[in-house]
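Asks: Dropping in input_21.txt, which is compact mmCIF, C-alpha atoms and all ligand atoms:
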# COMPACT_ATOMS: atom_id res chain seq x y z
CA MET K 1 -28.31 0.16 4.33
CA THR K 2 -26.42 -2.96 3.30
CA HIS K 3 -25.69 -4.08 -0.24
CA PRO K 4 -24.27 -7.39 -1.45
CA GLN K 5 -20.52 -7.29 -0.92
CA GLN K 6 -18.43 -5.90 -3.79
CA PHE K 7 -14.72 -6.29 -4.48
CA ALA K 8 -14.10 -3.16 -6.54
CA SER K 9 -11.84 -1.73 -3.83
CA ASP K 10 -10.34 -2.86 -0.56
CA ASN K 11 -11.53 0.49 0.80
CA TYR K 12 -15.16 -0.66 0.59
CA ALA K 13 -14.61 -2.66 3.80
CA GLY K 14 -15.55 -1.44 7.23
CA ILE K 15 -13.41 -1.40 10.35
CA CYS K 16 -12.23 -4.79 11.60
CA PRO K 17 -13.37 -5.84 15.11
CA GLU K 18 -9.90 -5.56 16.68
CA ALA K 19 -9.38 -1.98 15.47
CA LEU K 20 -12.91 -0.96 16.37
CA ALA K 21 -12.71 -2.46 19.86
CA ALA K 22 -9.50 -0.53 20.51
CA MET K 23 -11.16 2.69 19.35
CA VAL K 24 -14.08 2.07 21.67
CA ARG K 25 -11.68 1.45 24.57
CA ALA K 26 -9.76 4.61 23.68
CA ASN K 27 -13.04 6.51 23.75
CA ALA K 28 -13.47 5.96 27.49
CA GLY K 29 -12.70 9.00 29.59
CA SER K 30 -10.48 11.90 28.65
CA THR K 31 -6.91 11.63 27.45
CA PRO K 32 -4.16 14.15 26.61
CA ALA K 33 -4.27 15.50 23.06
CA TYR K 34 -1.84 15.70 20.11
CA GLY K 35 -0.21 12.32 20.69
CA GLU K 36 0.77 12.87 24.32
CA ASP K 37 -1.46 9.96 25.32
CA GLU K 38 -0.83 6.37 26.36
CA TRP K 39 -2.47 4.86 23.27
CA THR K 40 -0.06 6.65 20.98
CA GLN K 41 2.90 5.58 23.08
CA ARG K 42 1.64 2.01 23.10
CA ALA K 43 1.06 1.96 19.33
CA ALA K 44 4.58 3.28 18.64
CA ASP K 45 6.00 0.66 21.02
CA ALA K 46 3.98 -2.05 19.27
CA PHE K 47 5.60 -1.03 15.97
CA ARG K 48 9.05 -1.12 17.56
CA ALA K 49 8.34 -4.60 18.93
CA LEU K 50 6.98 -5.85 15.60
CA PHE K 51 9.92 -4.43 13.64
CA GLU K 52 12.47 -5.46 16.30
CA THR K 53 14.12 -2.05 16.23
CA ALA K 54 13.95 1.38 17.86
CA CYS K 55 12.36 3.12 14.86
CA GLU K 56 10.68 6.53 15.00
CA VAL K 57 6.92 6.25 14.41
CA PHE K 58 4.43 8.90 13.20
CA PHE K 59 0.75 8.70 12.35
CA ALA K 60 -1.00 10.36 9.41
CA PHE K 61 -4.57 10.30 8.18
CA ASN K 62 -3.92 8.79 4.76
CA GLY K 63 -1.39 7.30 2.41
CA THR K 64 -0.99 10.30 0.15
CA ALA K 65 0.11 12.40 3.12
CA ALA K 66 2.32 9.65 4.54
CA ASN K 67 4.12 9.08 1.24
CA SER K 68 4.41 12.76 0.33
CA LEU K 69 5.69 13.88 3.70
CA ALA K 70 8.11 10.97 3.99
CA LEU K 71 9.54 11.71 0.54
CA ALA K 72 9.67 15.45 1.28
CA SER K 73 11.62 14.74 4.45
CA LEU K 74 14.26 12.86 2.44
CA CYS K 75 14.64 15.56 -0.23
CA GLN K 76 15.61 19.14 -0.81
CA SER K 77 13.50 20.94 -3.40
CA TYR K 78 16.21 20.48 -6.05
CA HIS K 79 16.32 16.70 -5.54
CA SER K 80 14.45 14.02 -7.48
CA VAL K 81 12.67 10.78 -6.57
CA ILE K 82 12.89 7.66 -8.73
CA CYS K 83 9.69 5.63 -8.98
CA SER K 84 7.91 3.22 -11.30
CA ALA K 85 5.55 4.63 -13.93
CA HIS K 86 2.74 2.76 -12.14
CA ALA K 87 3.57 4.13 -8.68
CA HIS K 88 0.75 5.60 -6.64
CA VAL K 89 2.96 8.63 -5.89
CA GLU K 90 3.11 9.28 -9.65
CA THR K 91 -0.40 8.38 -10.78
CA ASP K 92 -2.72 8.86 -7.80
CA GLU K 93 -1.47 11.56 -5.44
CA CYS K 94 -2.34 14.68 -7.41
CA GLY K 95 1.21 15.99 -7.30
CA ALA K 96 1.34 15.88 -3.49
CA PRO K 97 4.94 14.55 -3.34
CA GLU K 98 6.10 17.45 -5.53
CA PHE K 99 3.93 19.90 -3.57
CA PHE K 100 5.08 18.92 -0.08
CA SER K 101 8.71 18.76 -1.17
CA ASN K 102 8.48 22.21 -2.76
CA GLY K 103 9.28 20.83 -6.18
CA SER K 104 11.30 17.61 -5.94
CA LYS K 105 10.70 15.99 -9.30
CA LEU K 106 9.53 12.41 -9.75
CA LEU K 107 11.70 10.52 -12.26
CA VAL K 108 9.59 7.79 -13.74
CA ALA K 109 11.03 4.44 -14.80
CA GLN K 110 9.20 2.61 -17.61
CA THR K 111 9.64 -0.93 -16.35
CA GLU K 112 8.07 -4.04 -17.77
CA THR K 113 6.12 -4.83 -14.61
CA GLY K 114 5.22 -2.33 -11.92
CA LYS K 115 8.41 -3.27 -10.11
CA LEU K 116 11.55 -1.18 -10.13
CA THR K 117 14.81 -2.95 -10.87
CA PRO K 118 18.39 -2.03 -9.92
CA GLU K 119 19.09 -1.54 -13.64
CA ALA K 120 16.19 0.90 -14.03
CA VAL K 121 17.30 2.82 -10.94
CA ARG K 122 20.90 2.97 -12.11
CA SER K 123 19.94 4.06 -15.59
CA LEU K 124 17.77 6.95 -14.32
CA ALA K 125 20.13 7.96 -11.51
CA THR K 126 23.16 8.13 -13.79
CA SER K 127 21.46 9.52 -16.89
CA ARG K 128 22.59 13.04 -15.99
CA GLY K 129 25.10 14.35 -13.52
CA ASP K 130 25.09 18.01 -14.42
CA ILE K 131 23.80 21.07 -12.60
CA HIS K 132 20.78 21.44 -14.91
CA PHE K 133 19.02 18.24 -13.81
CA PRO K 134 17.32 17.61 -10.44
CA LYS K 135 19.70 15.53 -8.37
CA PRO K 136 18.45 11.97 -7.70
CA ARG K 137 18.10 11.47 -3.97
CA VAL K 138 15.44 8.85 -3.21
CA VAL K 139 14.05 5.65 -4.69
CA THR K 140 10.49 4.73 -3.80
CA ILE K 141 9.01 1.26 -4.28
CA THR K 142 5.49 0.01 -3.63
CA GLN K 143 5.22 -3.23 -1.65
CA PRO K 144 3.15 -4.95 -2.97
CA THR K 145 2.88 -3.02 -6.23
CA GLU K 146 -0.28 -1.30 -7.42
CA THR K 147 -1.07 -4.44 -9.46
CA GLY K 148 -0.37 -6.84 -6.60
CA GLN K 149 3.16 -8.09 -7.15
CA VAL K 150 5.47 -8.62 -4.21
CA TYR K 151 9.16 -7.71 -4.04
CA THR K 152 11.17 -10.53 -2.52
CA VAL K 153 13.72 -9.80 0.19
CA ALA K 154 16.48 -10.48 -2.33
CA GLU K 155 14.98 -7.96 -4.76
CA ILE K 156 14.79 -5.30 -2.06
CA GLU K 157 18.37 -6.03 -1.00
CA ALA K 158 19.54 -5.67 -4.59
CA LEU K 159 17.71 -2.33 -4.90
CA SER K 160 19.07 -1.03 -1.61
CA ALA K 161 22.63 -2.03 -2.55
CA THR K 162 22.27 0.00 -5.73
CA CYS K 163 20.81 2.88 -3.72
CA ARG K 164 23.72 2.87 -1.26
CA GLU K 165 26.23 2.77 -4.08
CA LEU K 166 24.59 5.76 -5.77
CA GLY K 167 23.93 7.75 -2.58
CA LEU K 168 20.15 7.30 -2.68
CA ARG K 169 17.68 6.66 0.12
CA LEU K 170 15.09 3.88 -0.15
CA HIS K 171 11.43 4.58 0.69
CA MET K 172 8.70 1.95 0.68
CA ASP K 173 5.02 2.70 0.03
CA GLY K 174 3.47 -0.07 2.09
CA ALA K 175 -0.20 0.80 1.67
CA ARG K 176 -0.64 -3.01 1.67
CA PHE K 177 2.58 -3.90 3.46
CA ALA K 178 0.80 -6.47 5.64
CA HIS K 179 -0.27 -8.35 2.52
CA ALA K 180 3.34 -8.61 1.36
CA CYS K 181 4.37 -9.98 4.78
CA ALA K 182 1.55 -12.52 4.57
CA THR K 183 2.62 -13.64 1.10
CA LEU K 184 6.31 -13.98 1.86
CA GLY K 185 5.89 -15.29 5.39
CA CYS K 186 8.88 -13.27 6.50
CA SER K 187 9.23 -10.77 9.30
CA PRO K 188 8.51 -7.06 8.83
CA ALA K 189 12.13 -6.40 9.81
CA ASP K 190 13.48 -8.70 7.07
CA LEU K 191 11.33 -6.93 4.48
CA THR K 192 12.40 -3.44 5.50
CA TRP K 193 15.38 -2.20 7.49
CA ARG K 194 17.34 -5.45 7.40
CA ALA K 195 17.03 -5.30 3.60
CA GLY K 196 18.07 -1.63 3.53
CA VAL K 197 14.75 0.27 3.53
CA ASP K 198 15.14 3.68 5.22
CA VAL K 199 11.50 4.74 5.58
CA LEU K 200 8.28 2.74 5.44
CA CYS K 201 4.71 4.00 5.08
CA PHE K 202 2.64 1.20 6.62
CA GLY K 203 -0.99 1.23 5.53
CA GLY K 204 -3.65 0.83 8.17
CA THR K 205 -6.71 1.75 6.12
CA LYS K 206 -6.46 -1.20 3.72
CA ASN K 207 -5.52 -3.46 6.63
CA GLY K 208 -8.80 -2.98 8.54
CA MET K 209 -8.68 0.46 10.15
CA ALA K 210 -11.18 3.25 9.57
CA VAL K 211 -8.38 5.62 8.68
CA GLY K 212 -4.69 6.02 9.27
CA GLU K 213 -1.20 5.18 8.10
CA ALA K 214 2.03 4.93 10.07
CA ILE K 215 5.37 6.34 8.94
CA LEU K 216 8.39 4.45 10.28
CA PHE K 217 11.90 5.91 10.13
CA PHE K 218 14.47 3.17 10.67
CA ASP K 219 17.26 5.77 10.90
CA PRO K 220 16.07 8.12 13.67
CA ALA K 221 18.25 10.92 12.31
CA LEU K 222 16.03 11.05 9.22
CA ALA K 223 13.01 11.75 11.41
CA CYS K 224 14.38 15.07 12.59
CA ASP K 225 11.57 17.68 12.67
CA PHE K 226 9.14 15.28 10.95
CA ASP K 227 6.57 16.16 13.62
CA TYR K 228 6.63 19.79 12.44
CA ARG K 229 6.22 18.65 8.83
CA CYS K 230 3.13 16.64 9.80
CA LYS K 231 1.63 19.52 11.73
CA GLN K 232 2.23 22.03 8.93
CA ALA K 233 0.58 19.66 6.44
CA GLY K 234 -2.53 19.34 8.59
CA GLN K 235 -1.66 15.78 9.55
CA LEU K 236 -1.32 16.14 13.32
CA ALA K 237 -4.49 14.69 14.82
CA SER K 238 -5.56 16.57 17.93
CA LYS K 239 -7.44 13.52 19.21
CA MET K 240 -4.49 11.37 18.19
CA ARG K 241 -5.64 8.39 20.22
CA PHE K 242 -8.26 7.61 17.57
CA LEU K 243 -5.52 7.27 14.94
CA SER K 244 -3.17 5.32 17.19
CA ALA K 245 -5.45 3.04 19.26
CA PRO K 246 -6.63 1.04 16.22
CA TRP K 247 -2.98 0.16 15.57
CA VAL K 248 -2.75 -1.21 19.09
CA GLY K 249 -5.79 -3.35 18.30
CA LEU K 250 -4.33 -4.56 14.99
CA LEU K 251 -0.73 -5.14 16.07
CA GLU K 252 -1.14 -6.60 19.56
CA SER K 253 -3.81 -9.09 18.43
CA GLY K 254 -2.01 -10.16 15.26
CA ALA K 255 -5.06 -9.10 13.23
CA TRP K 256 -2.81 -7.06 10.94
CA LEU K 257 -1.40 -10.33 9.57
CA ALA K 258 -4.56 -12.45 9.84
CA ASN K 259 -6.53 -9.81 7.91
CA ALA K 260 -3.92 -9.74 5.16
CA ARG K 261 -3.72 -13.54 4.95
CA HIS K 262 -7.47 -13.76 4.56
CA ALA K 263 -7.53 -11.08 1.84
CA ASN K 264 -4.71 -12.83 -0.04
CA ALA K 265 -6.49 -16.19 0.23
CA CYS K 266 -9.61 -14.65 -1.35
CA ALA K 267 -7.52 -13.41 -4.29
CA GLN K 268 -6.10 -16.91 -4.71
CA ARG K 269 -9.62 -18.36 -4.61
CA LEU K 270 -10.74 -16.09 -7.46
CA ALA K 271 -7.61 -16.81 -9.51
CA GLU K 272 -8.11 -20.57 -9.00
CA GLY K 273 -11.79 -20.30 -9.87
CA VAL K 274 -11.18 -18.82 -13.32
CA ARG K 275 -8.20 -20.99 -14.25
CA GLU K 276 -10.06 -23.18 -16.73
CA LEU K 277 -12.22 -20.38 -18.12
CA PRO K 278 -11.45 -19.69 -21.80
CA GLY K 279 -10.58 -16.07 -22.55
CA VAL K 280 -10.40 -15.09 -18.89
CA ALA K 281 -6.98 -14.84 -17.25
CA PRO K 282 -5.10 -12.85 -14.62
CA MET K 283 -3.17 -9.98 -16.22
CA PHE K 284 -0.49 -10.12 -13.51
CA PRO K 285 0.79 -12.77 -11.12
CA VAL K 286 -1.59 -12.92 -8.15
CA GLU K 287 0.73 -12.43 -5.18
CA ALA K 288 -1.32 -10.35 -2.74
CA ASN K 289 -4.97 -9.28 -2.41
CA ALA K 290 -5.51 -8.05 -5.98
CA VAL K 291 -6.70 -9.88 -9.09
CA PHE K 292 -6.77 -8.11 -12.46
CA LEU K 293 -8.66 -10.17 -15.03
CA THR K 294 -8.61 -9.80 -18.78
CA ALA K 295 -11.84 -11.00 -20.29
CA PRO K 296 -13.75 -10.38 -23.53
CA GLU K 297 -15.93 -7.27 -23.25
CA PRO K 298 -19.21 -9.29 -23.40
CA VAL K 299 -18.05 -11.24 -20.34
CA LEU K 300 -17.32 -8.01 -18.44
CA GLU K 301 -20.72 -6.71 -19.55
CA GLY K 302 -22.31 -9.93 -18.29
CA LEU K 303 -20.66 -9.41 -14.92
CA ARG K 304 -21.95 -5.84 -14.71
CA ALA K 305 -25.43 -7.06 -15.67
CA ARG K 306 -25.22 -9.49 -12.76
CA GLY K 307 -24.60 -6.57 -10.42
CA TRP K 308 -20.82 -6.69 -10.02
CA ARG K 309 -18.84 -3.49 -9.68
CA PHE K 310 -15.20 -3.24 -10.70
CA TYR K 311 -12.73 -0.81 -12.17
CA THR K 312 -11.00 -1.25 -15.53
CA PHE K 313 -8.50 1.62 -15.34
CA ILE K 314 -5.46 -0.62 -15.83
CA GLY K 315 -5.27 -2.01 -19.37
CA GLY K 316 -9.04 -2.56 -19.56
CA GLY K 317 -8.89 -5.53 -17.18
CA ALA K 318 -11.34 -5.97 -14.32
CA ARG K 319 -9.79 -5.25 -10.93
CA PHE K 320 -10.92 -7.14 -7.86
CA MET K 321 -9.50 -6.26 -4.44
CA PHE K 322 -10.11 -8.23 -1.28
CA ALA K 323 -10.14 -6.89 2.26
CA TRP K 324 -10.24 -8.40 5.75
CA ASP K 325 -14.01 -8.78 5.52
CA ALA K 326 -14.22 -10.52 2.13
CA ASP K 327 -16.83 -13.27 2.28
CA LEU K 328 -15.57 -16.46 0.63
CA ALA K 329 -19.13 -17.32 -0.38
CA ARG K 330 -19.30 -14.02 -2.28
CA VAL K 331 -15.97 -14.80 -3.96
CA ASP K 332 -17.52 -18.09 -5.06
CA ASP K 333 -20.57 -16.18 -6.34
CA LEU K 334 -18.23 -14.01 -8.40
CA VAL K 335 -16.52 -17.11 -9.82
CA ALA K 336 -19.91 -18.65 -10.66
CA ASP K 337 -21.06 -15.43 -12.34
CA LEU K 338 -17.84 -15.26 -14.36
CA HIS K 339 -18.52 -18.79 -15.59
CA ALA K 340 -22.15 -17.93 -16.37
CA ALA K 341 -21.21 -14.70 -18.18
CA SER K 342 -18.57 -16.53 -20.16
CA ALA K 343 -20.99 -19.33 -21.19
CA GLN K 344 -23.58 -16.74 -22.19
CA ALA K 345 -21.05 -14.81 -24.26
CA LEU K 346 -19.98 -18.02 -26.04
CA GLU K 347 -23.62 -18.93 -26.78
CA ALA K 348 -24.25 -15.47 -28.21
CA LEU K 349 -21.23 -15.94 -30.47
CA ALA K 350 -22.44 -19.36 -31.66
CA SER K 351 -25.97 -18.23 -32.50
C1 LIG K 401 -4.36 3.23 -1.31
C2 LIG K 401 -2.94 3.50 -1.62
C3 LIG K 401 -2.26 4.57 -1.02
C4 LIG K 401 -2.93 5.56 -0.09
O1 LIG K 401 -3.97 6.26 -0.68
P1 LIG K 401 -4.82 7.34 0.14
O2 LIG K 401 -6.11 7.37 -0.62
O3 LIG K 401 -4.08 8.61 0.08
O4 LIG K 401 -4.94 6.84 1.54
C5 LIG K 401 -0.90 4.70 -1.27
N1 LIG K 401 -0.25 3.84 -2.07
C6 LIG K 401 -0.87 2.82 -2.68
C7 LIG K 401 -0.10 1.89 -3.54
C8 LIG K 401 -2.24 2.62 -2.49
O5 LIG K 401 -2.85 1.61 -3.09
Would you mind giving the structure from this file in structure tokens?

Replies:
Amino acid sequence: MTHPQQFASDNYAGICPEALAAMVRANAGSTPAYGEDEWTQRAADAFRALFETACEVFFAFNGTAANSLALASLCQSYHSVICSAHAHVETDECGAPEFFSNGSKLLVAQTETGKLTPEAVRSLATSRGDIHFPKPRVVTITQPTETGQVYTVAEIEALSATCRELGLRLHMDGARFAHACATLGCSPADLTWRAGVDVLCFGGTKNGMAVGEAILFFDPALACDFDYRCKQAGQLASKMRFLSAPWVGLLESGAWLANARHANACAQRLAEGVRELPGVAPMFPVEANAVFLTAPEPVLEGLRARGWRFYTFIGGGARFMFAWDADLARVDDLVADLHAASAQALEALAS
């Protein structure tokens, strides 16, 4: 059954043609299990080519597992992880980072935006140096952030310099990493290891796959025994080719970037479309595929009445997320309905 397209979540989208075609090709015949197959080799090689380095690559089913296991691999149980108060690892992973690390504590920075700053990292990392406090060991940043802001290369370099100085590792939650690359127009290498990132979780699901995230270790020594960690956590796919082949489809065709560019362009279209609308405004700079709109409650009600679905869990604003399949005509419908709802709300006020 099909419904009019909604933009409540970028996970509403289906599988993009490139990923699906690769899955269908991988479905032909029989292939060795548990990642011993050619698709998995080819996907890992495609990541090494894209990132211009001999990184270690692993595949997990979802982002919660990828983030949690990556962080656990960087920590002992008595360590701590510095993150933003808005970080997915803090607010949306049900304690999985603490669980998989056997207790590494998340130290939450209250920053003005969702972005971490070197000052915030330094302040948390140096707040205590005694035996009674979990020892800071890792900094994790989300690129782009949960509210759609992108860290520039310079910002990542500044963070990683602070990390190195304080003996911390730098992890990047890249659930929408492709969207950040599309925004900045710079290479994946420049945004990660060349800027000092140690481990990247690269999101496939929100980039057009059915399921799957990749974990990239830029320092192979850090990947020691990570395969055992994945297996123990139930993240080793027996028919691994169905997790890895879609990456071949995305990376070798360039769809990973084209999908992200399209999603970002849809966000820009919405932001442009409401620019002149009184009372309606983006809550955050629109730098990736997300638009959070503040609007008077009657306007949001008017949107709901016109059939639109959206979440308001961040500051009461309406969240719209665009995926590879977002239909520009539907984005224009949303803009038109926002204008109509706004006019109706103003009329109701006047009468
Ligand atoms: C979607 C998302 C994830 C992954 O979530 P899962 O539901 O576990 O796949 C991780 N980080 C961020 C910032 C996300 O938006």

Asks: Show which residues sit within 9 Å of Leu303 (chain K), as a ChimeraX atom specification. Count all atoms listed in the file, and ignore same-chain residues fewer than 3 positions away.

Replies: /K:298-300,306-309,334,337-338,340-341

Asks: Mind listing the residues within 9 Å of ligand LIG 401 (chain K), all atoms listed in the file counted, as a VMD selection string?

Replies: chain K and resid 10 to 11 61 to 67 87 to 89 92 to 93 142 to 147 173 to 176 201 203 205 to 206 211 to 213

Asks: Residues of region 181-292 of chain K that approach region 325-331 of chain K to 9 Å or less, counting all atoms listed in the file: could you list each one with the shortest pair of atoms and its distance in Å to one decimal, rows by chain and increasing residue number, as JSON lines?

Replies:
{"residue": "K:Gly208", "atom": "CA", "partner": "K:Asp325", "partner_atom": "CA", "distance": 8.4}
{"residue": "K:Asn259", "atom": "CA", "partner": "K:Asp325", "partner_atom": "CA", "distance": 7.9}
{"residue": "K:His262", "atom": "CA", "partner": "K:Ala326", "partner_atom": "CA", "distance": 7.9}
{"residue": "K:Ala263", "atom": "CA", "partner": "K:Ala326", "partner_atom": "CA", "distance": 6.7}
{"residue": "K:Cys266", "atom": "CA", "partner": "K:Leu328", "partner_atom": "CA", "distance": 6.5}
{"residue": "K:Ala267", "atom": "CA", "partner": "K:Val331", "partner_atom": "CA", "distance": 8.6}
{"residue": "K:Arg269", "atom": "CA", "partner": "K:Val331", "partner_atom": "CA", "distance": 7.3}
{"residue": "K:Leu270", "atom": "CA", "partner": "K:Val331", "partner_atom": "CA", "distance": 6.4}

Asks: Could the residues in this selection be written to a file with C-alpha atoms, as a CSV table (one decimal), in the coordinates of the input?

Replies:
chain,number,residue,atom,x,y,z
K,208,GLY,CA,-8.8,-3.0,8.5
K,259,ASN,CA,-6.5,-9.8,7.9
K,262,HIS,CA,-7.5,-13.8,4.6
K,263,ALA,CA,-7.5,-11.1,1.8
K,266,CYS,CA,-9.6,-14.6,-1.4
K,267,ALA,CA,-7.5,-13.4,-4.3
K,269,ARG,CA,-9.6,-18.4,-4.6
K,270,LEU,CA,-10.7,-16.1,-7.5

Asks: Could you work out how far CA of Glu301 (chain K) lies from CA of Arg275 (chain K), giving the answer in Å with one decimal?

Replies: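 So the two atoms, CA of Arg275 (chain K) and CA of Glu301 (chain K), lie 19.7 Å apart.
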
Asks: Can you tell me which residues surround Gln149 (chain K) at a distance of at most 12 Å, considering all atoms listed in the file, apart from same-chain residues fewer than 6 positions away, and format the answer as a PyMOL selection string?

Replies: chain K and resi 86+113-116+141-143+176-177+179-180+183-184+264+283-292

Asks: In Å to one decimal, how far is CA of Phe202 (chain K) from CA of Cys16 (chain K)?

Replies: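 A separation of 16.8 Å between them.
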
Asks: Output as a PDB file, keeping the file's coordinate frame: region 191-209 of chain K, completed with N, CA, C and O atoms.

Replies:
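Once everything was written out, this is part_10.pdb:
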ATOM      1  N   LEU K 191      11.829  -7.565   5.711  1.00  0.00           N
ATOM      2  CA  LEU K 191      11.330  -6.930   4.480  1.00  0.00           C
ATOM      3  C   LEU K 191      11.665  -5.450   4.402  1.00  0.00           C
ATOM      4  O   LEU K 191      11.398  -4.818   3.383  1.00  0.00           O
ATOM      5  N   THR K 192      12.175  -4.893   5.483  1.00  0.00           N
ATOM      6  CA  THR K 192      12.400  -3.440   5.500  1.00  0.00           C
ATOM      7  C   THR K 192      13.840  -3.108   5.873  1.00  0.00           C
ATOM      8  O   THR K 192      14.735  -3.221   5.053  1.00  0.00           O
ATOM      9  N   TRP K 193      14.062  -2.743   7.141  1.00  0.00           N
ATOM     10  CA  TRP K 193      15.380  -2.200   7.490  1.00  0.00           C
ATOM     11  C   TRP K 193      16.518  -3.193   7.320  1.00  0.00           C
ATOM     12  O   TRP K 193      17.608  -2.799   6.912  1.00  0.00           O
ATOM     13  N   ARG K 194      16.252  -4.477   7.588  1.00  0.00           N
ATOM     14  CA  ARG K 194      17.340  -5.450   7.400  1.00  0.00           C
ATOM     15  C   ARG K 194      17.697  -5.596   5.922  1.00  0.00           C
ATOM     16  O   ARG K 194      18.792  -6.027   5.585  1.00  0.00           O
ATOM     17  N   ALA K 195      16.754  -5.243   5.038  1.00  0.00           N
ATOM     18  CA  ALA K 195      17.030  -5.300   3.600  1.00  0.00           C
ATOM     19  C   ALA K 195      17.455  -3.937   3.060  1.00  0.00           C
ATOM     20  O   ALA K 195      17.654  -3.787   1.858  1.00  0.00           O
ATOM     21  N   GLY K 196      17.552  -2.933   3.957  1.00  0.00           N
ATOM     22  CA  GLY K 196      18.070  -1.630   3.530  1.00  0.00           C
ATOM     23  C   GLY K 196      17.039  -0.553   3.278  1.00  0.00           C
ATOM     24  O   GLY K 196      17.367   0.498   2.723  1.00  0.00           O
ATOM     25  N   VAL K 197      15.777  -0.775   3.684  1.00  0.00           N
ATOM     26  CA  VAL K 197      14.750   0.270   3.530  1.00  0.00           C
ATOM     27  C   VAL K 197      14.959   1.327   4.628  1.00  0.00           C
ATOM     28  O   VAL K 197      15.135   0.983   5.799  1.00  0.00           O
ATOM     29  N   ASP K 198      14.937   2.606   4.255  1.00  0.00           N
ATOM     30  CA  ASP K 198      15.140   3.680   5.220  1.00  0.00           C
ATOM     31  C   ASP K 198      13.843   4.135   5.875  1.00  0.00           C
ATOM     32  O   ASP K 198      13.818   4.432   7.067  1.00  0.00           O
ATOM     33  N   VAL K 199      12.788   4.241   5.069  1.00  0.00           N
ATOM     34  CA  VAL K 199      11.500   4.740   5.580  1.00  0.00           C
ATOM     35  C   VAL K 199      10.381   3.889   5.000  1.00  0.00           C
ATOM     36  O   VAL K 199      10.367   3.611   3.797  1.00  0.00           O
ATOM     37  N   LEU K 200       9.445   3.521   5.872  1.00  0.00           N
ATOM     38  CA  LEU K 200       8.280   2.740   5.440  1.00  0.00           C
ATOM     39  C   LEU K 200       7.002   3.497   5.769  1.00  0.00           C
ATOM     40  O   LEU K 200       6.828   3.985   6.883  1.00  0.00           O
ATOM     41  N   CYS K 201       6.081   3.567   4.794  1.00  0.00           N
ATOM     42  CA  CYS K 201       4.710   4.000   5.080  1.00  0.00           C
ATOM     43  C   CYS K 201       3.869   2.731   5.154  1.00  0.00           C
ATOM     44  O   CYS K 201       3.724   2.018   4.158  1.00  0.00           O
ATOM     45  N   PHE K 202       3.373   2.440   6.334  1.00  0.00           N
ATOM     46  CA  PHE K 202       2.640   1.200   6.620  1.00  0.00           C
ATOM     47  C   PHE K 202       1.149   1.526   6.616  1.00  0.00           C
ATOM     48  O   PHE K 202       0.683   2.304   7.435  1.00  0.00           O
ATOM     49  N   GLY K 203       0.432   0.911   5.692  1.00  0.00           N
ATOM     50  CA  GLY K 203      -0.990   1.230   5.530  1.00  0.00           C
ATOM     51  C   GLY K 203      -1.869   0.565   6.566  1.00  0.00           C
ATOM     52  O   GLY K 203      -1.841  -0.649   6.726  1.00  0.00           O
ATOM     53  N   GLY K 204      -2.670   1.361   7.233  1.00  0.00           N
ATOM     54  CA  GLY K 204      -3.650   0.830   8.170  1.00  0.00           C
ATOM     55  C   GLY K 204      -5.033   0.733   7.555  1.00  0.00           C
ATOM     56  O   GLY K 204      -5.795  -0.183   7.853  1.00  0.00           O
ATOM     57  N   THR K 205      -5.356   1.691   6.681  1.00  0.00           N
ATOM     58  CA  THR K 205      -6.710   1.750   6.120  1.00  0.00           C
ATOM     59  C   THR K 205      -7.060   0.449   5.397  1.00  0.00           C
ATOM     60  O   THR K 205      -8.118  -0.133   5.636  1.00  0.00           O
ATOM     61  N   LYS K 206      -6.160  -0.002   4.515  1.00  0.00           N
ATOM     62  CA  LYS K 206      -6.460  -1.200   3.720  1.00  0.00           C
ATOM     63  C   LYS K 206      -6.192  -2.479   4.519  1.00  0.00           C
ATOM     64  O   LYS K 206      -6.364  -3.571   4.013  1.00  0.00           O
ATOM     65  N   ASN K 207      -5.787  -2.316   5.763  1.00  0.00           N
ATOM     66  CA  ASN K 207      -5.520  -3.460   6.630  1.00  0.00           C
ATOM     67  C   ASN K 207      -6.624  -3.647   7.687  1.00  0.00           C
ATOM     68  O   ASN K 207      -6.523  -4.518   8.533  1.00  0.00           O
ATOM     69  N   GLY K 208      -7.659  -2.785   7.632  1.00  0.00           N
ATOM     70  CA  GLY K 208      -8.800  -2.980   8.540  1.00  0.00           C
ATOM     71  C   GLY K 208      -9.121  -1.806   9.446  1.00  0.00           C
ATOM     72  O   GLY K 208     -10.041  -1.890  10.261  1.00  0.00           O
ATOM     73  N   MET K 209      -8.371  -0.721   9.333  1.00  0.00           N
ATOM     74  CA  MET K 209      -8.680   0.460  10.150  1.00  0.00           C
ATOM     75  C   MET K 209      -9.696   1.344   9.427  1.00  0.00           C
ATOM     76  O   MET K 209      -9.924   1.215   8.235  1.00  0.00           O
TER      77      MET K 209
END
